[in-house]
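**Student:** My questions will all concern the structure given below.
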Number of protein chains: 2
Amino acid sequence: MNNEQNLKKIIIKKPLKLDCGKTINNFPLAYETYGSLNESKDNAILVFHALTGDQYVTGINPVTKKEGWWIHAVGPDKSIDTKKYFVICANVIGGCMGSFGPSHKNEETNKVYGTDFPVITINDMVNAQVNLLDHFEIKKLFSVIGGSMGGMQVLQFVSNFPDKTRTAIPIACTYSHSAQNIALNELGRQAITADHNWLAGEYSSRNKVPDKGLAVARMAAHITYLSKKGLQEKFGRKLQERDDFKFGFDADFQIESYLRHQGSVFVDRFDANSYLYITRAMDYFDLAKQFNGNLSNAFKKTDSKFFIISFTSDWLYPTQENKEIVIALNAIGANVGFVEIESDKGHDSFLLNVPDFLNTVKNFLDQRMR
Amino acid sequence: MNNEQNLKKIIIKKPLKLDCGKTINNFPLAYETYGSLNESKDNAILVFHALTGDQYVTGINPVTKKEGWWIHAVGPDKSIDTKKYFVICANVIGGCMGSFGPSHKNEETNKVYGTDFPVITINDMVNAQVNLLDHFEIKKLFSVIGGSMGGMQVLQFVSNFPDKTRTAIPIACTYSHSAQNIALNELGRQAITADHNWLAGEYSSRNKVPDKGLAVARMAAHITYLSKKGLQEKFGRKLQERDDFKFGFDADFQIESYLRHQGSVFVDRFDANSYLYITRAMDYFDLAKQFNGNLSNAFKKTDSKFFIISFTSDWLYPTQENKEIVIALNAIGANVGFVEIESDKGHDSFLLNVPDFLNTVKNFLDQRMR
């Protein structure tokens, strides 16, 4: 998948007991940083990435040679201003950009893990990443922030480590994965495991790639990241380099060509088994369940300032689901702000150039840092 | 796919010029009828089926041994009362229940058509089905009705044959397939063609079935037929015959088990190539484009009474798209009624026991028949 030698990583020696019951130790966590940690070590922001993200938040990703996934939000003078803040982001465990994941070799069997990799959870992900604070000798982060699955990690992090961050910004997320979202993730998993080359997860040891199935999974997900209106405005029924229908199954419409492209570029950078594991972690996420159904109790011990952001056209993690987090925080008198940003760009709004969103994040952070 | 000898069908001898340019003749159109045609032959209703439907509207489908797809709406004393009306429904061309389709043998090559079958359109479908009127010696239908792709056929039928029906009821449909819906259909097609056993469409001659890919396509579509709220209420995060997560990739959640079931039963009754062809016909559908962008002109020559029905939670063919048809009809002073039915059941509402919907259809038809 990538040349792992060149990636920055820490080896986590301390045993980590996973939710599945297994304990792991001596495992790698790959990370990247941007900006500088100040002397008082109180300007660090831990960014959590989403399903297919990685530690390369901004600048050029050295592996894919493409721009980082949050280039609009992170950088000098941007929303998360790297002239002011020290930004840390780690690849989640289960991922495929250097952190401990299913494409790694199992030292016990001398084979790639594949589906022998333990099923991990959002809780496991943040429990792995908290080790970065020790590594950088940071007592308390200035902020934790992330969208989508990154937002779930924000919620879990504050719940697990109530005194380890001053502020918390969960964006376009949920405290409990909905039936529709479980269904959509299951669709992606079924597409991957239906691929003849998936080989019960052992494709890499047999020099195969389940690229067609992974591409279908990506296409399915990509549709859900955009809004109906956004798709209509951007693509509508525009034809792809032709004047009329060809009466065949090539990509007559631009939207077809676009989706096929999204599928094909994704398989070059992402591991199919990681897709299975990370979607599973999302589906298992239910923070209220961890507190016997009372979400407020997840946040009882923290005095972190929360700021929750949703987008009008996000139908994957709609405003209502984000508001439920606000309500739970309000119920215990927590310090919480909330804004619903007007955008036609769907769930992907948090990744794109949406000025209202970018300004909102910048203002919140810079006000709190004064 | 099925024992075709026992299916009722007419052989259409008259050449039919398809939109793709090819002409077909001597091809079969399989159909079923319910109720009796009266002496004046003015009580016939032509029902158009949706993507995966067939001619077996009600009662027990003799091929699948399951209930017909519109059992709630069609039958004695039901919305479409077979004690009053003579109901006709034909399998669309391109389908797999006896009508001319890609699983038929090409007499010229002595091979199954597969992807050599001509790409057909909604226009071609209704032009084939209008032959049923001659067959039954019906000058004018009492009504044409259908939901989803069936509704598209209603619109096309009235446009093509403005004096051949007294009333028209397009349900939960659109006059022009949206970018999101093209994307979703393309996803299904990609899932099928990604299957190792699809074999460029020649699977049947090589005794294979691309069942995994077809099941993934069905799962994807099924998610879109239900609403987010409906899924949450019916399934939520309920587990499938277990007390807690199994930390694996079996179906932990009921929604996963349900989707897998929907996929697996579908492959027993539907042909993968038919799925490609019929979704293509839907994507090509743009009735306004046939009239240089002016939808009203499609209906200028008819004095049919229209009744358009949408559902609040249908996000595939939302109320707004149905309203655009109403607006085009109003613009030429056509006789048009419209109702948006309150339902949490999503696009599938038209197939389910939704009393407000069923009563609305019954009242409209029975009032007009007096």
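Residue numbering restarts at 1 in every chain; chains get A, B, ... in the order shown in the structure tokens, and ligands count up from 1 in that same order.
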Using only C-alpha atoms, find the residues of chain B whose closest atom to chain A is at most 7 Å away, then write them as a PyMOL selection string.
**Tutor:** chain B and resi 20+119+178-180+183+186-187+190-191+194-196+212-213+216+219-220+228+231-232+235-237+247-248+255-256
**Student:** Would you put the residues from that selection into a file with C-alpha atoms, as a short mmCIF file (atom, residue, chain, number, x, y, z; two decimals), in the first residue's frame?
**Tutor:**
data_model
loop_
_atom_site.label_atom_id
_atom_site.label_comp_id
_atom_site.auth_asym_id
_atom_site.auth_seq_id
_atom_site.Cartn_x
_atom_site.Cartn_y
_atom_site.Cartn_z
CA CYS B 20 -31.60 3.29 -30.46
CA VAL B 119 -30.65 -0.73 -25.26
CA SER B 178 -32.04 13.06 -11.54
CA ALA B 179 -28.24 12.94 -11.23
CA GLN B 180 -28.56 11.20 -7.85
CA ALA B 183 -25.69 7.65 -9.82
CA GLU B 186 -24.90 3.24 -12.11
CA LEU B 187 -23.83 1.90 -8.72
CA GLN B 190 -21.15 -1.44 -11.53
CA ALA B 191 -21.89 -3.97 -8.79
CA ALA B 194 -17.86 -6.22 -11.18
CA ASP B 195 -19.03 -9.78 -10.51
CA HIS B 196 -16.49 -12.32 -11.73
CA LYS B 212 -23.11 -11.68 -5.60
CA GLY B 213 -23.01 -8.57 -7.75
CA VAL B 216 -25.18 -5.98 -3.91
CA MET B 219 -29.13 -4.09 -1.40
CA ALA B 220 -28.10 -0.66 -2.64
CA LYS B 228 -34.03 7.06 7.17
CA LEU B 231 -35.29 2.26 8.91
CA GLN B 232 -34.58 3.73 12.32
CA PHE B 235 -34.52 -1.70 12.81
CA GLY B 236 -32.65 0.98 14.74
CA ARG B 237 -29.61 -0.72 16.28
CA PHE B 247 -16.73 -8.51 16.95
CA GLY B 248 -16.71 -10.04 13.51
CA ILE B 255 -30.65 -4.36 9.35
CA GLU B 256 -27.61 -6.23 8.03
#
**Student:** Could I get chain A fitted onto chain B (least squares, all C-alpha atoms, in order) as a short mmCIF file (atom, residue, chain, number, x, y, z; two decimals) with C-alpha atoms, in the first residue's frame?
**Tutor:**
data_model
loop_
_atom_site.label_atom_id
_atom_site.label_comp_id
_atom_site.auth_asym_id
_atom_site.auth_seq_id
_atom_site.Cartn_x
_atom_site.Cartn_y
_atom_site.Cartn_z
CA MET A 1 -35.22 -17.86 -14.96
CA ASN A 2 -38.73 -19.28 -15.35
CA ASN A 3 -40.80 -21.73 -17.27
CA GLU A 4 -41.80 -19.44 -20.11
CA GLN A 5 -44.19 -21.85 -21.82
CA ASN A 6 -46.89 -21.30 -19.23
CA LEU A 7 -46.88 -17.50 -19.38
CA LYS A 8 -49.62 -15.63 -21.25
CA LYS A 9 -48.12 -13.63 -24.06
CA ILE A 10 -48.82 -11.96 -27.35
CA ILE A 11 -46.35 -11.98 -30.19
CA ILE A 12 -46.01 -8.49 -31.58
CA LYS A 13 -45.66 -8.84 -35.32
CA LYS A 14 -45.78 -5.16 -36.21
CA PRO A 15 -42.22 -3.78 -36.44
CA LEU A 16 -41.29 -1.50 -33.55
CA LYS A 17 -38.59 1.04 -34.23
CA LEU A 18 -36.62 1.50 -31.02
CA ASP A 19 -35.06 4.79 -29.92
CA CYS A 20 -31.61 3.29 -30.44
CA GLY A 21 -32.41 3.01 -34.17
CA LYS A 22 -32.90 -0.75 -34.36
CA THR A 23 -36.23 -2.26 -35.36
CA ILE A 24 -37.65 -5.33 -33.68
CA ASN A 25 -40.62 -7.50 -34.65
CA ASN A 26 -42.18 -10.87 -33.88
CA PHE A 27 -41.25 -10.42 -30.25
CA PRO A 28 -43.16 -11.65 -27.19
CA LEU A 29 -44.91 -9.48 -24.65
CA ALA A 30 -45.96 -11.43 -21.58
CA TYR A 31 -48.96 -10.14 -19.67
CA GLU A 32 -51.56 -10.97 -17.05
CA THR A 33 -55.12 -9.73 -16.55
CA TYR A 34 -57.43 -9.52 -13.55
CA GLY A 35 -61.19 -8.91 -13.55
CA SER A 36 -63.36 -8.81 -16.68
CA LEU A 37 -63.57 -6.51 -19.62
CA ASN A 38 -67.11 -5.16 -19.84
CA GLU A 39 -69.19 -5.15 -23.01
CA SER A 40 -68.48 -1.52 -23.85
CA LYS A 41 -64.78 -2.23 -23.23
CA ASP A 42 -64.36 0.96 -21.28
CA ASN A 43 -63.33 -0.41 -17.87
CA ALA A 44 -59.73 -1.41 -18.62
CA ILE A 45 -56.80 -0.19 -16.54
CA LEU A 46 -53.27 -0.67 -17.79
CA VAL A 47 -50.85 -1.02 -14.88
CA PHE A 48 -47.16 -0.36 -15.52
CA HIS A 49 -44.66 -2.07 -13.25
CA ALA A 50 -41.49 -0.67 -11.69
CA LEU A 51 -37.85 -1.72 -12.12
CA THR A 52 -38.07 -5.18 -10.60
CA GLY A 53 -41.80 -5.80 -10.97
CA ASP A 54 -43.59 -8.00 -13.47
CA GLN A 55 -47.06 -8.70 -14.84
CA TYR A 56 -48.19 -10.53 -11.69
CA VAL A 57 -49.76 -7.58 -9.96
CA THR A 58 -51.89 -9.42 -7.42
CA GLY A 59 -52.79 -12.89 -6.22
CA ILE A 60 -49.99 -15.45 -6.20
CA ASN A 61 -47.24 -15.02 -8.76
CA PRO A 62 -47.16 -18.44 -10.47
CA VAL A 63 -43.39 -18.26 -11.02
CA THR A 64 -42.14 -17.00 -7.64
CA LYS A 65 -45.08 -18.48 -5.66
CA LYS A 66 -45.19 -15.21 -3.73
CA GLU A 67 -47.85 -12.52 -3.56
CA GLY A 68 -48.04 -10.10 -6.47
CA TRP A 69 -46.18 -6.82 -6.01
CA TRP A 70 -49.35 -4.68 -5.77
CA ILE A 71 -51.49 -7.01 -3.68
CA HIS A 72 -52.48 -4.13 -1.38
CA ALA A 73 -53.84 -2.03 -4.24
CA VAL A 74 -55.32 -4.49 -6.73
CA GLY A 75 -58.07 -7.04 -6.12
CA PRO A 76 -61.78 -7.37 -5.32
CA ASP A 77 -62.96 -4.24 -3.45
CA LYS A 78 -59.40 -2.90 -3.28
CA SER A 79 -58.19 0.46 -4.64
CA ILE A 80 -58.14 -0.93 -8.15
CA ASP A 81 -61.25 -3.02 -7.75
CA THR A 82 -61.12 -6.09 -9.96
CA LYS A 83 -64.89 -6.49 -9.53
CA LYS A 84 -65.25 -3.24 -11.50
CA TYR A 85 -62.15 -2.94 -13.61
CA PHE A 86 -60.30 -5.08 -16.08
CA VAL A 87 -56.66 -4.83 -15.05
CA ILE A 88 -53.92 -5.54 -17.59
CA CYS A 89 -50.22 -5.57 -16.81
CA ALA A 90 -47.38 -6.58 -19.10
CA ASN A 91 -43.79 -7.38 -18.34
CA VAL A 92 -41.70 -4.56 -19.85
CA ILE A 93 -39.47 -5.33 -22.79
CA GLY A 94 -35.95 -5.72 -21.43
CA GLY A 95 -37.47 -7.63 -18.49
CA CYS A 96 -37.14 -11.25 -17.48
CA MET A 97 -40.68 -12.54 -16.99
CA GLY A 98 -41.45 -13.63 -20.53
CA SER A 99 -41.31 -10.39 -22.52
CA PHE A 100 -38.55 -9.82 -25.05
CA GLY A 101 -35.37 -9.36 -23.04
CA PRO A 102 -31.62 -9.96 -22.83
CA SER A 103 -32.08 -13.53 -21.57
CA HIS A 104 -33.83 -14.48 -24.84
CA LYS A 105 -32.11 -16.26 -27.67
CA ASN A 106 -30.99 -14.20 -30.63
CA GLU A 107 -32.28 -16.20 -33.60
CA GLU A 108 -29.61 -14.72 -35.84
CA THR A 109 -26.68 -15.92 -33.74
CA ASN A 110 -28.45 -18.79 -31.93
CA LYS A 111 -26.97 -17.40 -28.69
CA VAL A 112 -28.57 -15.68 -25.72
CA TYR A 113 -28.61 -11.93 -26.40
CA GLY A 114 -26.84 -10.77 -23.23
CA THR A 115 -25.38 -7.35 -23.97
CA ASP A 116 -26.19 -7.78 -27.67
CA PHE A 117 -29.76 -6.95 -26.71
CA PRO A 118 -30.63 -3.45 -27.91
CA VAL A 119 -30.66 -0.72 -25.26
CA ILE A 120 -34.32 0.15 -24.74
CA THR A 121 -36.09 3.20 -23.36
CA ILE A 122 -39.26 3.99 -21.46
CA ASN A 123 -40.64 5.14 -24.81
CA ASP A 124 -39.90 1.74 -26.34
CA MET A 125 -41.57 0.01 -23.39
CA VAL A 126 -44.88 1.86 -23.81
CA ASN A 127 -44.78 1.56 -27.59
CA ALA A 128 -44.58 -2.20 -27.13
CA GLN A 129 -47.36 -2.31 -24.57
CA VAL A 130 -49.86 -0.23 -26.56
CA ASN A 131 -50.28 -3.33 -28.74
CA LEU A 132 -52.25 -4.87 -25.88
CA LEU A 133 -55.10 -2.46 -26.68
CA ASP A 134 -55.46 -3.92 -30.17
CA HIS A 135 -55.22 -7.40 -28.73
CA PHE A 136 -58.15 -6.77 -26.41
CA GLU A 137 -59.94 -4.51 -28.93
CA ILE A 138 -59.92 -1.66 -26.46
CA LYS A 139 -60.22 1.78 -28.05
CA LYS A 140 -59.67 3.78 -24.91
CA LEU A 141 -58.44 2.69 -21.50
CA PHE A 142 -60.20 3.87 -18.39
CA SER A 143 -56.84 4.50 -16.74
CA VAL A 144 -53.09 4.05 -16.89
CA ILE A 145 -51.38 3.81 -13.53
CA GLY A 146 -47.98 2.99 -12.07
CA GLY A 147 -45.42 3.94 -9.46
CA SER A 148 -41.73 4.72 -9.85
CA MET A 149 -40.67 3.52 -13.33
CA GLY A 150 -44.34 2.61 -13.76
CA GLY A 151 -45.15 6.31 -13.31
CA MET A 152 -42.63 7.26 -15.98
CA GLN A 153 -44.43 4.88 -18.34
CA VAL A 154 -47.75 6.54 -17.46
CA LEU A 155 -46.34 9.94 -18.47
CA GLN A 156 -44.81 8.57 -21.66
CA PHE A 157 -47.97 6.67 -22.57
CA VAL A 158 -50.23 9.72 -22.34
CA SER A 159 -47.72 11.75 -24.28
CA ASN A 160 -47.48 9.12 -27.06
CA PHE A 161 -51.17 8.20 -27.12
CA PRO A 162 -53.10 11.25 -25.92
CA ASP A 163 -56.54 9.83 -26.82
CA LYS A 164 -56.04 6.31 -25.52
CA THR A 165 -56.85 6.81 -21.84
CA ARG A 166 -59.46 8.71 -19.85
CA THR A 167 -57.32 9.06 -16.75
CA ALA A 168 -53.66 8.81 -15.80
CA ILE A 169 -52.13 8.24 -12.36
CA PRO A 170 -48.35 8.65 -12.16
CA ILE A 171 -47.17 7.81 -8.63
CA ALA A 172 -43.86 8.60 -6.91
CA CYS A 173 -42.03 9.32 -10.13
CA THR A 174 -40.29 11.97 -12.16
CA TYR A 175 -40.36 13.32 -15.70
CA SER A 176 -36.55 13.37 -15.84
CA HIS A 177 -34.18 11.07 -13.99
CA SER A 178 -32.03 13.07 -11.55
CA ALA A 179 -28.25 12.95 -11.23
CA GLN A 180 -28.55 11.21 -7.85
CA ASN A 181 -30.83 8.54 -9.31
CA ILE A 182 -28.56 8.01 -12.31
CA ALA A 183 -25.70 7.65 -9.81
CA LEU A 184 -27.60 5.07 -7.78
CA ASN A 185 -28.49 3.07 -10.90
CA GLU A 186 -24.90 3.24 -12.10
CA LEU A 187 -23.82 1.90 -8.71
CA GLY A 188 -26.08 -1.11 -9.24
CA ARG A 189 -24.75 -1.68 -12.75
CA GLN A 190 -21.15 -1.44 -11.53
CA ALA A 191 -21.89 -3.97 -8.79
CA ILE A 192 -23.25 -6.43 -11.38
CA THR A 193 -20.51 -5.99 -13.95
CA ALA A 194 -17.86 -6.23 -11.17
CA ASP A 195 -19.03 -9.78 -10.50
CA HIS A 196 -16.49 -12.32 -11.72
CA ASN A 197 -19.39 -14.42 -13.05
CA TRP A 198 -20.99 -11.69 -15.13
CA LEU A 199 -18.59 -12.63 -17.95
CA ALA A 200 -19.35 -9.60 -20.12
CA GLY A 201 -23.02 -10.54 -19.96
CA GLU A 202 -22.55 -14.08 -21.26
CA TYR A 203 -23.05 -15.80 -17.93
CA SER A 204 -26.10 -17.85 -18.85
CA SER A 205 -24.50 -19.57 -21.83
CA ARG A 206 -21.65 -20.52 -19.51
CA ASN A 207 -23.97 -21.70 -16.72
CA LYS A 208 -22.93 -19.01 -14.28
CA VAL A 209 -24.93 -16.42 -12.36
CA PRO A 210 -23.47 -13.10 -11.17
CA ASP A 211 -25.44 -13.54 -7.98
CA LYS A 212 -23.13 -11.69 -5.60
CA GLY A 213 -23.02 -8.57 -7.74
CA LEU A 214 -26.76 -8.65 -8.37
CA ALA A 215 -27.36 -9.03 -4.63
CA VAL A 216 -25.19 -5.99 -3.91
CA ALA A 217 -27.13 -4.00 -6.53
CA ARG A 218 -30.38 -5.02 -4.88
CA MET A 219 -29.13 -4.11 -1.40
CA ALA A 220 -28.09 -0.67 -2.63
CA ALA A 221 -31.48 -0.12 -4.25
CA HIS A 222 -33.35 -1.43 -1.25
CA ILE A 223 -31.76 1.16 1.04
CA THR A 224 -33.04 3.88 -1.27
CA TYR A 225 -36.59 2.53 -1.21
CA LEU A 226 -36.92 3.10 2.55
CA SER A 227 -36.68 6.31 4.53
CA LYS A 228 -34.04 7.06 7.16
CA LYS A 229 -36.79 7.43 9.74
CA GLY A 230 -38.54 4.25 8.64
CA LEU A 231 -35.31 2.27 8.89
CA GLN A 232 -34.60 3.73 12.32
CA GLU A 233 -38.05 2.86 13.60
CA LYS A 234 -38.13 -0.63 12.13
CA PHE A 235 -34.53 -1.68 12.80
CA GLY A 236 -32.66 0.98 14.74
CA ARG A 237 -29.62 -0.73 16.28
CA LYS A 238 -31.43 -3.95 17.15
CA LEU A 239 -29.17 -6.99 17.17
CA GLN A 240 -29.83 -10.17 15.21
CA GLU A 241 -30.45 -13.07 17.61
CA ARG A 242 -27.59 -12.14 19.94
CA ASP A 243 -27.16 -10.20 23.15
CA ASP A 244 -24.07 -8.27 22.17
CA PHE A 245 -21.65 -7.63 19.32
CA LYS A 246 -19.73 -10.64 18.06
CA PHE A 247 -16.74 -8.53 16.95
CA GLY A 248 -16.73 -10.07 13.50
CA PHE A 249 -18.29 -9.51 10.10
CA ASP A 250 -21.40 -11.63 10.44
CA ALA A 251 -24.72 -9.82 10.55
CA ASP A 252 -24.71 -8.47 14.10
CA PHE A 253 -27.47 -5.99 13.35
CA GLN A 254 -30.97 -6.89 12.15
CA ILE A 255 -30.66 -4.36 9.34
CA GLU A 256 -27.62 -6.24 8.02
CA SER A 257 -29.43 -9.54 8.12
CA TYR A 258 -32.47 -7.98 6.43
CA LEU A 259 -30.39 -6.51 3.61
CA ARG A 260 -28.54 -9.76 3.00
CA HIS A 261 -31.88 -11.55 2.82
CA GLN A 262 -33.24 -8.99 0.35
CA GLY A 263 -30.19 -9.52 -1.83
CA SER A 264 -30.31 -13.30 -1.76
CA VAL A 265 -34.01 -13.72 -2.54
CA PHE A 266 -33.76 -11.22 -5.39
CA VAL A 267 -31.15 -13.20 -7.33
CA ASP A 268 -33.52 -16.16 -7.47
CA ARG A 269 -36.12 -14.19 -9.38
CA PHE A 270 -34.33 -11.57 -11.44
CA ASP A 271 -31.90 -11.54 -14.34
CA ALA A 272 -28.73 -9.46 -13.97
CA ASN A 273 -28.70 -8.26 -17.57
CA SER A 274 -32.35 -7.19 -17.30
CA TYR A 275 -31.29 -5.10 -14.32
CA LEU A 276 -28.70 -3.36 -16.46
CA TYR A 277 -31.13 -2.69 -19.31
CA ILE A 278 -34.06 -1.49 -17.24
CA THR A 279 -31.97 0.86 -15.09
CA ARG A 280 -30.50 2.25 -18.31
CA ALA A 281 -33.99 2.95 -19.63
CA MET A 282 -34.81 4.84 -16.42
CA ASP A 283 -31.64 6.91 -16.63
CA TYR A 284 -32.36 7.85 -20.24
CA PHE A 285 -35.86 9.02 -19.34
CA ASP A 286 -36.32 12.75 -19.81
CA LEU A 287 -39.76 13.56 -21.16
CA ALA A 288 -39.06 17.30 -21.30
CA LYS A 289 -36.04 16.69 -23.54
CA GLN A 290 -38.36 14.90 -25.99
CA PHE A 291 -40.21 18.22 -26.29
CA ASN A 292 -37.22 20.52 -26.49
CA GLY A 293 -37.26 21.19 -22.78
CA ASN A 294 -40.94 22.11 -22.52
CA LEU A 295 -42.65 19.40 -20.48
CA SER A 296 -46.10 20.95 -20.94
CA ASN A 297 -45.93 20.20 -24.65
CA ALA A 298 -45.84 16.49 -23.85
CA PHE A 299 -49.44 16.78 -22.66
CA LYS A 300 -50.89 19.41 -25.01
CA LYS A 301 -52.91 16.96 -27.07
CA THR A 302 -54.59 15.03 -24.28
CA ASP A 303 -57.77 15.67 -22.34
CA SER A 304 -56.97 12.85 -19.88
CA LYS A 305 -57.61 13.61 -16.23
CA PHE A 306 -54.33 13.35 -14.31
CA PHE A 307 -53.89 12.50 -10.67
CA ILE A 308 -50.35 12.74 -9.30
CA ILE A 309 -49.34 11.19 -6.00
CA SER A 310 -46.13 11.59 -3.99
CA PHE A 311 -45.02 10.53 -0.50
CA THR A 312 -43.50 12.75 2.19
CA SER A 313 -40.57 10.43 3.00
CA ASP A 314 -39.72 9.40 -0.57
CA TRP A 315 -36.20 10.76 -1.15
CA LEU A 316 -35.70 8.89 -4.43
CA TYR A 317 -38.56 10.63 -6.25
CA PRO A 318 -39.37 13.39 -3.78
CA THR A 319 -42.54 15.46 -3.80
CA GLN A 320 -40.75 18.33 -5.51
CA GLU A 321 -40.10 16.23 -8.63
CA ASN A 322 -43.71 15.08 -8.72
CA LYS A 323 -44.90 18.66 -8.30
CA GLU A 324 -42.93 19.72 -11.36
CA ILE A 325 -45.22 17.47 -13.41
CA VAL A 326 -48.27 19.14 -11.83
CA ILE A 327 -46.85 22.55 -12.65
CA ALA A 328 -46.28 21.60 -16.30
CA LEU A 329 -49.86 20.30 -16.53
CA ASN A 330 -51.29 23.38 -14.85
CA ALA A 331 -49.39 25.57 -17.28
CA ILE A 332 -51.58 24.28 -20.11
CA GLY A 333 -54.78 24.16 -18.08
CA ALA A 334 -54.83 20.37 -17.99
CA ASN A 335 -57.21 18.53 -15.71
CA VAL A 336 -54.88 17.61 -12.87
CA GLY A 337 -55.15 16.63 -9.21
CA PHE A 338 -52.26 16.17 -6.84
CA VAL A 339 -51.78 14.79 -3.35
CA GLU A 340 -48.72 14.29 -1.15
CA ILE A 341 -49.38 11.34 1.16
CA GLU A 342 -47.91 11.42 4.67
CA SER A 343 -45.86 8.24 5.14
CA ASP A 344 -42.62 7.19 6.84
CA LYS A 345 -42.22 4.24 4.49
CA GLY A 346 -40.20 6.06 1.83
CA HIS A 347 -40.41 5.32 -1.88
CA ASP A 348 -41.82 1.87 -1.14
CA SER A 349 -44.99 3.51 0.23
CA PHE A 350 -46.81 2.91 -3.05
CA LEU A 351 -46.27 -0.85 -2.68
CA LEU A 352 -47.20 -1.11 0.99
CA ASN A 353 -50.32 -0.95 3.09
CA VAL A 354 -50.59 2.83 3.35
CA PRO A 355 -54.33 3.41 3.85
CA ASP A 356 -54.35 7.12 2.90
CA PHE A 357 -52.72 6.23 -0.40
CA LEU A 358 -54.93 3.23 -1.11
CA ASN A 359 -58.11 5.16 -0.30
CA THR A 360 -57.00 8.08 -2.44
CA VAL A 361 -56.50 5.89 -5.50
CA LYS A 362 -59.82 4.11 -4.94
CA ASN A 363 -61.75 7.35 -4.59
CA PHE A 364 -60.21 8.89 -7.66
CA LEU A 365 -60.95 5.88 -9.86
CA ASP A 366 -64.44 5.17 -8.54
CA GLN A 367 -65.50 8.84 -8.83
CA ARG A 368 -64.33 8.97 -12.43
CA MET A 369 -66.06 5.70 -13.34
CA ARG A 370 -69.52 6.79 -12.23
#
**Student:** Among stretch 79-110 of chain B, which ones does DSSP place in strand (DSSP E or B), written as an NGL selection string?
**Tutor:** :B and (80-81 or 86-90 or 105-106)
**Student:** From a backbone DSSP assignment, name each residue in stretch 115-300 of chain A labelled helix (DSSP H, G or I), as a PyMOL selection string.
**Tutor:** chain A and resi 115-116+122-129+131-135+149-160+179-193+199-201+204-206+211-225+228-234+254-267+272-284+289-291+295-299
